[in-house]
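Enquirer: This is start17.pdb, which holds PDB, C-alpha atoms:
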ATOM      1  CA  MET A   1      86.896 128.163  78.725
ATOM      2  CA  ARG A   2      85.049 128.111  75.394
ATOM      3  CA  SER A   3      85.001 124.280  75.370
ATOM      4  CA  VAL A   4      83.621 124.206  78.923
ATOM      5  CA  LEU A   5      80.904 126.676  77.941
ATOM      6  CA  LEU A   6      80.008 124.620  74.874
ATOM      7  CA  ALA A   7      79.831 121.469  76.978
ATOM      8  CA  ALA A   8      77.518 123.161  79.459
ATOM      9  CA  VAL A   9      75.251 124.384  76.663
ATOM     10  CA  ALA A  10      75.190 120.905  75.123
ATOM     11  CA  ALA A  11      74.255 119.344  78.463
ATOM     12  CA  THR A  12      71.444 121.855  78.955
ATOM     13  CA  LEU A  13      70.072 121.162  75.478
ATOM     14  CA  ALA A  14      70.222 117.403  76.092
ATOM     15  CA  LEU A  15      68.128 117.757  79.221
ATOM     16  CA  SER A  16      65.511 119.867  77.436
ATOM     17  CA  LEU A  17      65.155 117.653  74.355
ATOM     18  CA  PRO A  18      62.156 115.269  74.247
ATOM     19  CA  ALA A  19      62.848 111.582  74.780
ATOM     20  CA  LYS A  20      63.329 109.688  71.527
ATOM     21  CA  ALA A  21      62.660 106.012  70.912
ATOM     22  CA  GLU A  22      65.903 105.073  72.628
ATOM     23  CA  ASP A  23      67.093 104.589  76.182
ATOM     24  CA  VAL A  24      63.581 105.060  77.554
ATOM     25  CA  THR A  25      62.376 103.734  80.911
ATOM     26  CA  VAL A  26      58.679 103.374  81.718
ATOM     27  CA  ALA A  27      57.927 102.257  85.279
ATOM     28  CA  VAL A  28      54.518 100.675  85.913
ATOM     29  CA  THR A  29      52.926  99.761  89.231
ATOM     30  CA  ALA A  30      49.541  98.385  90.290
ATOM     31  CA  ILE A  31      47.959  97.935  93.698
ATOM     32  CA  VAL A  32      47.365  94.256  92.919
ATOM     33  CA  GLU A  33      47.466  91.840  90.003
ATOM     34  CA  HIS A  34      44.161  90.706  88.514
ATOM     35  CA  PRO A  35      42.973  90.208  84.901
ATOM     36  CA  ALA A  36      41.679  93.742  84.294
ATOM     37  CA  LEU A  37      44.782  95.523  85.612
ATOM     38  CA  ASP A  38      47.065  93.019  83.880
ATOM     39  CA  ALA A  39      45.239  93.655  80.594
ATOM     40  CA  ALA A  40      45.692  97.410  81.037
ATOM     41  CA  ARG A  41      49.428  96.934  81.569
ATOM     42  CA  LYS A  42      49.688  94.816  78.419
ATOM     43  CA  GLY A  43      47.824  97.474  76.440
ATOM     44  CA  VAL A  44      50.337 100.117  77.526
ATOM     45  CA  LEU A  45      53.289  97.923  76.547
ATOM     46  CA  ASP A  46      51.804  96.987  73.168
ATOM     47  CA  VAL A  47      51.289 100.638  72.201
ATOM     48  CA  LEU A  48      54.851 101.458  73.238
ATOM     49  CA  THR A  49      56.106  98.571  71.099
ATOM     50  CA  ALA A  50      54.015  99.671  68.110
ATOM     51  CA  SER A  51      55.418 103.194  68.517
ATOM     52  CA  GLY A  52      59.010 102.029  68.224
ATOM     53  CA  TYR A  53      59.871 101.546  71.906
ATOM     54  CA  LYS A  54      60.889  97.893  72.016
ATOM     55  CA  GLU A  55      61.551  96.149  75.311
ATOM     56  CA  GLY A  56      65.116  94.891  75.608
ATOM     57  CA  LYS A  57      66.325  97.192  72.826
ATOM     58  CA  ASN A  58      65.425 100.820  73.462
ATOM     59  CA  LEU A  59      62.830 100.385  76.218
ATOM     60  CA  LYS A  60      63.182  99.327  79.828
ATOM     61  CA  PHE A  61      59.689  98.389  81.021
ATOM     62  CA  VAL A  62      59.623  97.943  84.787
ATOM     63  CA  PHE A  63      56.632  96.567  86.705
ATOM     64  CA  GLN A  64      55.972  96.131  90.415
ATOM     65  CA  SER A  65      52.794  95.035  92.183
ATOM     66  CA  ALA A  66      51.927  96.223  95.693
ATOM     67  CA  GLN A  67      50.139  92.907  96.330
ATOM     68  CA  GLY A  68      47.140  94.747  97.757
ATOM     69  CA  ASN A  69      49.159  96.590 100.413
ATOM     70  CA  PRO A  70      48.938 100.427 100.434
ATOM     71  CA  ALA A  71      52.186 100.663 102.432
ATOM     72  CA  THR A  72      53.945  98.638  99.735
ATOM     73  CA  ALA A  73      52.389 100.889  97.077
ATOM     74  CA  ALA A  74      53.932 103.899  98.807
ATOM     75  CA  GLN A  75      57.311 102.151  99.022
ATOM     76  CA  ILE A  76      57.233 101.311  95.297
ATOM     77  CA  ALA A  77      56.274 104.902  94.475
ATOM     78  CA  ARG A  78      59.224 106.265  96.443
ATOM     79  CA  GLN A  79      61.567 103.784  94.757
ATOM     80  CA  PHE A  80      60.350 104.781  91.291
ATOM     81  CA  ALA A  81      60.673 108.472  92.153
ATOM     82  CA  GLY A  82      64.272 107.850  93.185
ATOM     83  CA  ASP A  83      65.056 105.812  90.059
ATOM     84  CA  GLY A  84      63.911 108.666  87.785
ATOM     85  CA  PRO A  85      62.248 106.875  84.841
ATOM     86  CA  ASN A  86      60.954 108.847  81.850
ATOM     87  CA  VAL A  87      57.328 108.147  82.802
ATOM     88  CA  ILE A  88      55.580 106.408  85.707
ATOM     89  CA  VAL A  89      52.278 104.634  84.994
ATOM     90  CA  PRO A  90      50.326 103.791  88.166
ATOM     91  CA  ILE A  91      47.388 101.459  87.558
ATOM     92  CA  SER A  92      44.503 101.847  90.059
ATOM     93  CA  THR A  93      43.603 104.646  92.443
ATOM     94  CA  PRO A  94      45.734 103.585  95.456
ATOM     95  CA  SER A  95      48.867 103.249  93.320
ATOM     96  CA  ALA A  96      48.169 106.556  91.571
ATOM     97  CA  GLN A  97      47.751 108.366  94.887
ATOM     98  CA  ALA A  98      51.033 106.911  96.126
ATOM     99  CA  VAL A  99      52.955 107.898  92.984
ATOM    100  CA  VAL A 100      51.500 111.410  92.727
ATOM    101  CA  SER A 101      52.452 112.002  96.368
ATOM    102  CA  SER A 102      56.024 110.873  95.681
ATOM    103  CA  THR A 103      57.086 113.057  92.765
ATOM    104  CA  ARG A 104      56.442 116.518  91.377
ATOM    105  CA  ASP A 105      58.959 116.221  88.538
ATOM    106  CA  ILE A 106      58.610 112.856  86.795
ATOM    107  CA  PRO A 107      55.687 112.636  84.337
ATOM    108  CA  VAL A 108      52.861 110.485  85.739
ATOM    109  CA  VAL A 109      50.152 108.895  83.568
ATOM    110  CA  PHE A 110      47.615 107.132  85.763
ATOM    111  CA  THR A 111      45.028 104.663  84.506
ATOM    112  CA  ALA A 112      42.082 102.608  85.807
ATOM    113  CA  VAL A 113      41.183 105.440  88.192
ATOM    114  CA  SER A 114      37.443 106.044  88.550
ATOM    115  CA  ASP A 115      37.470 109.526  90.089
ATOM    116  CA  PRO A 116      40.732 111.464  89.571
ATOM    117  CA  LEU A 117      39.243 114.602  91.148
ATOM    118  CA  GLY A 118      37.907 112.815  94.215
ATOM    119  CA  ALA A 119      41.214 110.985  94.616
ATOM    120  CA  GLN A 120      42.947 114.404  94.473
ATOM    121  CA  LEU A 121      45.241 113.358  91.641
ATOM    122  CA  VAL A 122      44.384 116.469  89.611
ATOM    123  CA  LYS A 123      42.371 119.616  90.268
ATOM    124  CA  ASN A 124      41.053 120.018  86.741
ATOM    125  CA  MET A 125      40.323 117.280  84.196
ATOM    126  CA  ASP A 126      40.783 119.555  81.170
ATOM    127  CA  LYS A 127      43.899 121.335  82.444
ATOM    128  CA  PRO A 128      45.544 119.045  84.994
ATOM    129  CA  GLY A 129      48.761 121.077  85.203
ATOM    130  CA  GLY A 130      51.944 119.925  86.886
ATOM    131  CA  ASN A 131      53.376 116.523  86.049
ATOM    132  CA  VAL A 132      50.177 114.435  86.099
ATOM    133  CA  THR A 133      47.564 113.307  83.579
ATOM    134  CA  GLY A 134      45.899 110.017  82.753
ATOM    135  CA  LEU A 135      42.809 108.020  81.977
ATOM    136  CA  SER A 136      39.642 107.625  84.042
ATOM    137  CA  ASP A 137      37.559 104.459  83.941
ATOM    138  CA  MET A 138      34.523 106.003  85.619
ATOM    139  CA  SER A 139      31.869 103.314  85.452
ATOM    140  CA  PRO A 140      28.515 103.904  83.712
ATOM    141  CA  VAL A 141      26.700 103.276  87.000
ATOM    142  CA  ALA A 142      23.267 104.333  85.740
ATOM    143  CA  GLU A 143      23.551 101.722  82.994
ATOM    144  CA  HIS A 144      24.636  99.118  85.553
ATOM    145  CA  VAL A 145      21.542  99.787  87.646
ATOM    146  CA  ALA A 146      19.349  99.583  84.554
ATOM    147  CA  LEU A 147      20.943  96.258  83.584
ATOM    148  CA  ILE A 148      20.328  94.783  87.041
ATOM    149  CA  LYS A 149      16.691  95.921  86.895
ATOM    150  CA  GLU A 150      16.293  94.466  83.419
ATOM    151  CA  ILE A 151      17.613  91.077  84.525
ATOM    152  CA  LEU A 152      15.937  91.173  87.973
ATOM    153  CA  PRO A 153      12.767  93.263  87.538
ATOM    154  CA  ASN A 154      11.518  92.364  91.035
ATOM    155  CA  ALA A 155      14.723  93.384  92.822
ATOM    156  CA  LYS A 156      14.329  95.930  95.603
ATOM    157  CA  THR A 157      17.821  96.069  97.145
ATOM    158  CA  ILE A 158      21.360  96.057  95.755
ATOM    159  CA  GLY A 159      24.184  94.868  97.978
ATOM    160  CA  TYR A 160      27.346  96.903  97.400
ATOM    161  CA  LEU A 161      30.501  94.866  98.076
ATOM    162  CA  TYR A 162      33.586  97.091  98.323
ATOM    163  CA  ASN A 163      36.733  98.166 100.142
ATOM    164  CA  SER A 164      35.841 101.289 102.145
ATOM    165  CA  GLY A 165      39.521 102.297 102.022
ATOM    166  CA  GLU A 166      39.574 102.637  98.216
ATOM    167  CA  ALA A 167      38.706 106.199  97.193
ATOM    168  CA  ASN A 168      37.279 105.124  93.833
ATOM    169  CA  SER A 169      34.876 102.677  95.508
ATOM    170  CA  VAL A 170      33.666 105.341  97.940
ATOM    171  CA  SER A 171      33.033 107.729  95.027
ATOM    172  CA  LEU A 172      31.159 105.040  93.106
ATOM    173  CA  LEU A 173      29.020 104.258  96.158
ATOM    174  CA  ALA A 174      27.787 107.847  96.223
ATOM    175  CA  VAL A 175      26.904 107.643  92.518
ATOM    176  CA  LEU A 176      25.214 104.259  92.984
ATOM    177  CA  LYS A 177      22.970 105.560  95.758
ATOM    178  CA  VAL A 178      21.734 108.375  93.521
ATOM    179  CA  GLU A 179      21.098 106.132  90.524
ATOM    180  CA  ALA A 180      19.537 103.344  92.607
ATOM    181  CA  GLU A 181      17.089 105.789  94.185
ATOM    182  CA  LYS A 182      16.033 106.958  90.732
ATOM    183  CA  ALA A 183      15.284 103.324  89.862
ATOM    184  CA  GLY A 184      13.386 102.665  93.084
ATOM    185  CA  LEU A 185      16.142 100.547  94.607
ATOM    186  CA  LYS A 186      17.838 100.660  97.986
ATOM    187  CA  VAL A 187      21.549 100.076  98.564
ATOM    188  CA  VAL A 188      23.041  98.121 101.449
ATOM    189  CA  GLU A 189      26.798  98.089 101.983
ATOM    190  CA  SER A 190      29.266  95.438 103.029
ATOM    191  CA  ALA A 191      32.960  96.288 103.249
ATOM    192  CA  ALA A 192      36.127  94.209 103.088
ATOM    193  CA  THR A 193      39.422  96.003 103.687
ATOM    194  CA  LYS A 194      41.572  93.105 102.490
ATOM    195  CA  SER A 195      41.150  90.123 100.209
ATOM    196  CA  ALA A 196      40.838  87.658 103.090
ATOM    197  CA  GLU A 197      37.656  89.448 104.194
ATOM    198  CA  VAL A 198      35.852  89.341 100.840
ATOM    199  CA  GLN A 199      33.995  86.061 101.333
ATOM    200  CA  GLY A 200      32.756  87.092 104.772
ATOM    201  CA  ALA A 201      31.645  90.484 103.481
ATOM    202  CA  ALA A 202      29.695  88.789 100.686
ATOM    203  CA  ARG A 203      28.078  86.433 103.182
ATOM    204  CA  ALA A 204      26.930  89.449 105.203
ATOM    205  CA  LEU A 205      24.723  90.479 102.259
ATOM    206  CA  VAL A 206      22.780  87.197 102.177
ATOM    207  CA  GLY A 207      19.208  87.872 103.244
ATOM    208  CA  ARG A 208      19.718  91.642 103.015
ATOM    209  CA  ALA A 209      19.995  92.132  99.255
ATOM    210  CA  ASP A 210      18.413  90.827  96.055
ATOM    211  CA  ALA A 211      21.657  91.172  94.111
ATOM    212  CA  ILE A 212      25.339  91.844  94.775
ATOM    213  CA  TYR A 213      27.084  94.590  92.827
ATOM    214  CA  VAL A 214      30.891  94.692  92.738
ATOM    215  CA  PRO A 215      32.394  97.968  91.446
ATOM    216  CA  THR A 216      35.856  98.321  89.913
ATOM    217  CA  ASP A 217      37.309  97.637  93.353
ATOM    218  CA  ASN A 218      40.727  96.023  93.267
ATOM    219  CA  THR A 219      40.460  94.353  96.667
ATOM    220  CA  ILE A 220      37.154  92.655  95.887
ATOM    221  CA  ILE A 221      38.081  91.710  92.326
ATOM    222  CA  SER A 222      41.386  90.180  93.452
ATOM    223  CA  ALA A 223      39.409  87.720  95.621
ATOM    224  CA  LEU A 224      36.224  87.531  93.554
ATOM    225  CA  GLU A 225      35.980  83.747  93.694
ATOM    226  CA  GLY A 226      35.138  83.936  97.397
ATOM    227  CA  ALA A 227      32.184  86.225  96.692
ATOM    228  CA  VAL A 228      31.067  84.079  93.750
ATOM    229  CA  ALA A 229      31.011  80.971  95.961
ATOM    230  CA  VAL A 230      28.697  82.736  98.411
ATOM    231  CA  ALA A 231      26.472  84.016  95.588
ATOM    232  CA  GLU A 232      26.109  80.545  94.072
ATOM    233  CA  GLU A 233      25.331  78.907  97.404
ATOM    234  CA  ALA A 234      22.747  81.570  98.352
ATOM    235  CA  LYS A 235      21.309  81.919  94.820
ATOM    236  CA  LEU A 236      22.129  85.617  95.099
ATOM    237  CA  PRO A 237      22.953  87.044  91.641
ATOM    238  CA  LEU A 238      26.325  88.793  91.512
ATOM    239  CA  PHE A 239      27.071  91.539  88.991
ATOM    240  CA  THR A 240      30.376  93.281  88.336
ATOM    241  CA  ALA A 241      31.461  96.548  86.743
ATOM    242  CA  ASP A 242      34.580  94.807  85.438
ATOM    243  CA  THR A 243      33.954  92.753  82.289
ATOM    244  CA  ASP A 244      37.026  90.564  82.874
ATOM    245  CA  SER A 245      35.335  89.291  86.051
ATOM    246  CA  VAL A 246      32.422  87.700  84.176
ATOM    247  CA  SER A 247      34.510  84.702  83.149
ATOM    248  CA  ARG A 248      35.330  84.239  86.839
ATOM    249  CA  GLY A 249      31.700  83.772  87.803
ATOM    250  CA  SER A 250      29.645  86.971  87.767
ATOM    251  CA  VAL A 251      26.310  86.986  85.931
ATOM    252  CA  ALA A 252      27.018  90.027  83.783
ATOM    253  CA  ALA A 253      29.042  93.200  83.459
ATOM    254  CA  LEU A 254      28.766  96.323  81.390
ATOM    255  CA  GLY A 255      32.084  98.086  81.212
ATOM    256  CA  PHE A 256      35.391  98.658  79.545
ATOM    257  CA  ASN A 257      37.744  96.300  77.824
ATOM    258  CA  TYR A 258      40.801  96.978  79.984
ATOM    259  CA  TYR A 259      43.247  96.032  77.267
ATOM    260  CA  ASP A 260      41.748  98.928  75.261
ATOM    261  CA  VAL A 261      41.977 101.133  78.375
ATOM    262  CA  GLY A 262      45.681 100.273  78.512
ATOM    263  CA  LYS A 263      46.129 101.103  74.833
ATOM    264  CA  GLN A 264      44.467 104.487  75.302
ATOM    265  CA  THR A 265      46.809 105.076  78.257
ATOM    266  CA  GLY A 266      49.820 104.016  76.214
ATOM    267  CA  GLU A 267      48.971 106.628  73.595
ATOM    268  CA  ILE A 268      49.251 109.338  76.257
ATOM    269  CA  VAL A 269      52.583 107.910  77.443
ATOM    270  CA  VAL A 270      53.946 108.045  73.894
ATOM    271  CA  ARG A 271      52.878 111.694  73.556
ATOM    272  CA  ILE A 272      54.871 112.530  76.678
ATOM    273  CA  LEU A 273      57.902 110.537  75.544
ATOM    274  CA  LYS A 274      57.814 112.587  72.352
ATOM    275  CA  GLY A 275      57.978 115.820  74.303
ATOM    276  CA  GLU A 276      54.493 116.902  75.379
ATOM    277  CA  ASN A 277      53.966 118.251  78.893
ATOM    278  CA  PRO A 278      51.667 115.951  80.918
ATOM    279  CA  GLY A 279      50.026 118.928  82.598
ATOM    280  CA  ASP A 280      48.875 120.190  79.189
ATOM    281  CA  ILE A 281      47.175 116.882  78.253
ATOM    282  CA  PRO A 282      43.535 116.652  79.434
ATOM    283  CA  VAL A 283      42.564 113.680  81.576
ATOM    284  CA  LYS A 284      40.488 111.418  79.350
ATOM    285  CA  VAL A 285      37.551 109.185  80.253
ATOM    286  CA  ALA A 286      38.057 105.764  78.702
ATOM    287  CA  ALA A 287      36.081 105.047  75.550
ATOM    288  CA  GLY A 288      34.195 101.858  74.772
ATOM    289  CA  SER A 289      31.675  99.706  76.608
ATOM    290  CA  ASP A 290      31.124  95.947  76.405
ATOM    291  CA  LEU A 291      28.231  93.849  77.715
ATOM    292  CA  VAL A 292      29.495  90.444  78.789
ATOM    293  CA  ILE A 293      27.186  87.756  80.173
ATOM    294  CA  ASN A 294      27.813  84.359  81.752
ATOM    295  CA  LYS A 295      24.985  81.863  81.177
ATOM    296  CA  GLY A 296      26.536  79.265  83.458
ATOM    297  CA  ALA A 297      26.887  81.688  86.348
ATOM    298  CA  ALA A 298      23.317  82.896  85.832
ATOM    299  CA  ALA A 299      22.012  79.325  86.069
ATOM    300  CA  LYS A 300      24.023  78.639  89.238
ATOM    301  CA  MET A 301      22.585  81.785  90.845
ATOM    302  CA  GLY A 302      19.002  81.061  89.783
ATOM    303  CA  VAL A 303      18.775  83.777  87.127
ATOM    304  CA  THR A 304      17.001  83.614  83.768
ATOM    305  CA  LEU A 305      18.623  86.055  81.366
ATOM    306  CA  PRO A 306      16.084  88.000  79.268
ATOM    307  CA  GLU A 307      16.247  87.670  75.501
ATOM    308  CA  SER A 308      16.813  91.434  75.251
ATOM    309  CA  VAL A 309      20.053  91.087  77.223
ATOM    310  CA  LEU A 310      21.189  88.003  75.310
ATOM    311  CA  LYS A 311      20.782  89.850  72.008
ATOM    312  CA  ARG A 312      22.758  92.905  73.144
ATOM    313  CA  ALA A 313      25.685  90.984  74.611
ATOM    314  CA  THR A 314      29.034  91.611  72.945
ATOM    315  CA  LYS A 315      30.376  88.414  74.511
ATOM    316  CA  THR A 316      28.583  85.382  75.933
ATOM    317  CA  ILE A 317      30.194  82.809  78.225
ATOM    318  CA  ASP A 318      28.447  79.436  78.471
TER     319      ASP A 318
END
What does this structure look like when you write it as structure tokens?

Expert:
Amino acid sequence: MRSVLLAAVAATLALSLPAKAEDVTVAVTAIVEHPALDAARKGVLDVLTASGYKEGKNLKFVFQSAQGNPATAAQIARQFAGDGPNVIVPISTPSAQAVVSSTRDIPVVFTAVSDPLGAQLVKNMDKPGGNVTGLSDMSPVAEHVALIKEILPNAKTIGYLYNSGEANSVSLLAVLKVEAEKAGLKVVESAATKSAEVQGAARALVGRADAIYVPTDNTIISALEGAVAVAEEAKLPLFTADTDSVSRGSVAALGFNYYDVGKQTGEIVVRILKGENPGDIPVKVAAGSDLVINKGAAAKMGVTLPESVLKRATKTID
């Protein structure tokens, strides 16, 4: 009887002990694969590695993409919840919503989510409670508007290209309208609910806007080349909130380095693996802001970049 009691006590203690750098599973999912989200995932993995959790030795690092399909995101979330990893890291708002809806027990650290409150992932940024915390990449929209005005001082209308089904994009639209009005600009919208619709949605802005603005919208960014082709043909300058999209043809972006966003997320994951309660860790807003410009894209879209912008750029693509 005494041995049975001791075994039960030992089992209880084992369950309550924080995870050490051994036999750890971190499950990661994203709504789609594109450079920014991929960079965030790599940042998470690199921090885990630097903290002693090495893939193939004491870390099982699982990744699944929903390929842009919310139903698939929900299926992946349910699978992860059933597998019971030490931590789940959903990248993007749709994946985070799916994961948070699927488990109340497994620690969840979301990232690349613009508006955690609006997406109903947490009720309080400082004291999230429960099993959820993470990192917000809320865009500096006021600075984006100012940048567009600086590059295009005669612009009157911004065309907002987005997926109306993505909660973060809807939240950012509301912010954009406020900031655009302050700057004397109007906003016109064009929505694409899947990647195949992006080029058509961009074409719908031709003649209605003086510039196209693409937020951190995973659907649009995953098919950005279609929008860029329209922008080049129509000489309609295209700006993005995502700096990784500048190399793919946007004129400029002011935003986060998503590898750094991933590293900041990875630091939270490590804290949880070492025993901290996710609900006690405040949701952070990502730090850092880069200005990336693309001279070649600007020329193709008929834009002359001001010297003031060229001097401030942290990265210039020719």

Enquirer: Just give me the gap between CA of Lys123 in chain A and CA of Ile88 in chain A in Å, one decimal is fine.

Expert: 19.2 Å

Enquirer: Using only C-alpha atoms, which of the listed residues (A:Leu291, A:Val62, A:Pro237, A:Gln79) sits closest to Ser308 in chain A?

Expert: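 Of A:Leu291, A:Val62, A:Pro237, A:Gln79, the one nearest Ser308 in chain A is A:Leu291, counting only C-alpha atoms.
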
Enquirer: Give me the residues near Ile148 in chain A as a PDB file with C-alpha atoms, in the frame of the given file, where near means some atom within 10 Å (using all atoms listed in the file) and where sequence neighbours in that chain fewer than 2 positions away do not count.

Expert:
ATOM      1  CA  GLU A 143      23.551 101.722  82.994  1.00  0.00           C
ATOM      2  CA  HIS A 144      24.636  99.118  85.553  1.00  0.00           C
ATOM      3  CA  VAL A 145      21.542  99.787  87.646  1.00  0.00           C
ATOM      4  CA  ALA A 146      19.349  99.583  84.554  1.00  0.00           C
ATOM      5  CA  GLU A 150      16.293  94.466  83.419  1.00  0.00           C
ATOM      6  CA  ILE A 151      17.613  91.077  84.525  1.00  0.00           C
ATOM      7  CA  LEU A 152      15.937  91.173  87.973  1.00  0.00           C
ATOM      8  CA  PRO A 153      12.767  93.263  87.538  1.00  0.00           C
ATOM      9  CA  ASN A 154      11.518  92.364  91.035  1.00  0.00           C
ATOM     10  CA  ALA A 155      14.723  93.384  92.822  1.00  0.00           C
ATOM     11  CA  ILE A 158      21.360  96.057  95.755  1.00  0.00           C
ATOM     12  CA  ALA A 211      21.657  91.172  94.111  1.00  0.00           C
ATOM     13  CA  ILE A 212      25.339  91.844  94.775  1.00  0.00           C
ATOM     14  CA  TYR A 213      27.084  94.590  92.827  1.00  0.00           C
ATOM     15  CA  PRO A 237      22.953  87.044  91.641  1.00  0.00           C
ATOM     16  CA  LEU A 238      26.325  88.793  91.512  1.00  0.00           C
ATOM     17  CA  PHE A 239      27.071  91.539  88.991  1.00  0.00           C
ATOM     18  CA  VAL A 251      26.310  86.986  85.931  1.00  0.00           C
ATOM     19  CA  ALA A 252      27.018  90.027  83.783  1.00  0.00           C
ATOM     20  CA  ALA A 253      29.042  93.200  83.459  1.00  0.00           C
TER      21      ALA A 253
END

Enquirer: Which residues, named as in the file, does the PyMOL selection byres ((chain A and resi 279) around 8) pick out? Answer as an NGL selection string.

Expert: :A and (127-133 or 277-278 or 280-282)

Enquirer: For the structure provided, state which residues fall under the PyMOL selection byres ((chain A and resi 76) around 9), and present them as a ChimeraX atom specification.

Expert: /A:29,64-66,71-75,77-81,95,98-99

Enquirer: Could you check which of A:Ala30, A:Ala191, A:Val47, A:Val122 is closest to Pro90 in chain A, using only C-alpha atoms?

Expert: A:Ala30

Enquirer: Could you check which of A:Val228, A:Ala196, A:Val141, A:Val283 is closest to Leu121 in chain A, using only C-alpha atoms?

Expert: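 Once distances to Leu121 in chain A are computed over only C-alpha atoms, the minimum belongs to A:Val283.
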
Enquirer: Which polymer residues have any atom within 10 Å of an atom of Leu59 in chain A, counting all atoms listed in the file, with same-chain residues fewer than 6 positions away left out, as a PyMOL selection string?

Expert: chain A and resi 21-26+45+48-49+52-53

Enquirer: List the residues selected by the PyMOL selection byres ((chain A and resi 218) around 10) in the file shown, writing them as a PDB file with C-alpha atoms, in the frame of the given file.

Expert:
ATOM      1  CA  ALA A  30      49.541  98.385  90.290  1.00  0.00           C
ATOM      2  CA  ILE A  31      47.959  97.935  93.698  1.00  0.00           C
ATOM      3  CA  VAL A  32      47.365  94.256  92.919  1.00  0.00           C
ATOM      4  CA  GLU A  33      47.466  91.840  90.003  1.00  0.00           C
ATOM      5  CA  HIS A  34      44.161  90.706  88.514  1.00  0.00           C
ATOM      6  CA  ALA A  36      41.679  93.742  84.294  1.00  0.00           C
ATOM      7  CA  LEU A  37      44.782  95.523  85.612  1.00  0.00           C
ATOM      8  CA  GLY A  68      47.140  94.747  97.757  1.00  0.00           C
ATOM      9  CA  SER A  92      44.503 101.847  90.059  1.00  0.00           C
ATOM     10  CA  THR A  93      43.603 104.646  92.443  1.00  0.00           C
ATOM     11  CA  PRO A  94      45.734 103.585  95.456  1.00  0.00           C
ATOM     12  CA  TYR A 162      33.586  97.091  98.323  1.00  0.00           C
ATOM     13  CA  ASN A 163      36.733  98.166 100.142  1.00  0.00           C
ATOM     14  CA  GLU A 166      39.574 102.637  98.216  1.00  0.00           C
ATOM     15  CA  ASN A 168      37.279 105.124  93.833  1.00  0.00           C
ATOM     16  CA  SER A 169      34.876 102.677  95.508  1.00  0.00           C
ATOM     17  CA  LYS A 194      41.572  93.105 102.490  1.00  0.00           C
ATOM     18  CA  SER A 195      41.150  90.123 100.209  1.00  0.00           C
ATOM     19  CA  VAL A 214      30.891  94.692  92.738  1.00  0.00           C
ATOM     20  CA  PRO A 215      32.394  97.968  91.446  1.00  0.00           C
ATOM     21  CA  THR A 216      35.856  98.321  89.913  1.00  0.00           C
ATOM     22  CA  ASP A 217      37.309  97.637  93.353  1.00  0.00           C
ATOM     23  CA  THR A 219      40.460  94.353  96.667  1.00  0.00           C
ATOM     24  CA  ILE A 220      37.154  92.655  95.887  1.00  0.00           C
ATOM     25  CA  ILE A 221      38.081  91.710  92.326  1.00  0.00           C
ATOM     26  CA  SER A 222      41.386  90.180  93.452  1.00  0.00           C
ATOM     27  CA  ALA A 223      39.409  87.720  95.621  1.00  0.00           C
ATOM     28  CA  LEU A 224      36.224  87.531  93.554  1.00  0.00           C
TER      29      LEU A 224
END

Enquirer: Measuring atom to atom with only C-alpha atoms, identify which of A:Ala39, A:Ala287, A:Ala297, A:Val170 is nearest to Gly255 in chain A.

Expert: A:Ala287

Enquirer: Using Å and a single decimal, report how far CA of Pro140 in chain A sits from CA of Glu179 in chain A.

Expert: 10.3 Å

Enquirer: Tell me which of A:Leu236, A:Ala227, A:Ala27, A:Met125 sits closest to Val108 in chain A, counting all atoms listed in the file.

Expert: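 Of A:Leu236, A:Ala227, A:Ala27, A:Met125, the one nearest Val108 in chain A is A:Ala27, counting all atoms listed in the file.
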
Enquirer: Using all atoms listed in the file, which of the listed residues (A:Gln199, A:Ser139, A:Thr316, A:Asn86) sits closest to Asp242 in chain A?

Expert: A:Ser139

Enquirer: Can you measure CA of Val269 in chain A to CA of Pro85 in chain A for me? One decimal in Å is fine.

Expert: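 Distance reported for this atom pair: 12.2 Å.
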
Enquirer: Take every atom of range 312-316 of chain A listed in the file, fit an axis-aligned box around them, add 8 Å per side, and give the centre and edge lengths in Å to one decimal as AutoDock Vina command-line options.

Expert:
--center_x 26.6 --center_y 89.1 --center_z 74.4 --size_x 23.6 --size_y 23.5 --size_z 19.0

Enquirer: Within 7 Å of (46.0, 107.7, 77.5), in the coordinates the file gives, what residues turn up when you count all atoms listed in the file, written out as an mmCIF file with C-alpha atoms, keeping the file's coordinate frame?

Expert:
data_model
loop_
_atom_site.group_PDB
_atom_site.id
_atom_site.type_symbol
_atom_site.label_atom_id
_atom_site.label_comp_id
_atom_site.auth_asym_id
_atom_site.auth_seq_id
_atom_site.Cartn_x
_atom_site.Cartn_y
_atom_site.Cartn_z
ATOM 1 C CA GLY A 134 45.899 110.017 82.753
ATOM 2 C CA LEU A 135 42.809 108.020 81.977
ATOM 3 C CA GLN A 264 44.467 104.487 75.302
ATOM 4 C CA THR A 265 46.809 105.076 78.257
ATOM 5 C CA GLY A 266 49.820 104.016 76.214
ATOM 6 C CA GLU A 267 48.971 106.628 73.595
ATOM 7 C CA ILE A 268 49.251 109.338 76.257
ATOM 8 C CA VAL A 269 52.583 107.910 77.443
ATOM 9 C CA LYS A 284 40.488 111.418 79.350
#

Enquirer: Fewer than 2 positions away in the same chain doesn't count, so skip those; otherwise give me all residues within 12 Å of Lys300 in chain A, counting only C-alpha atoms, as a ChimeraX atom specification.

Expert: /A:228-238,249-251,294-298,302-304,318
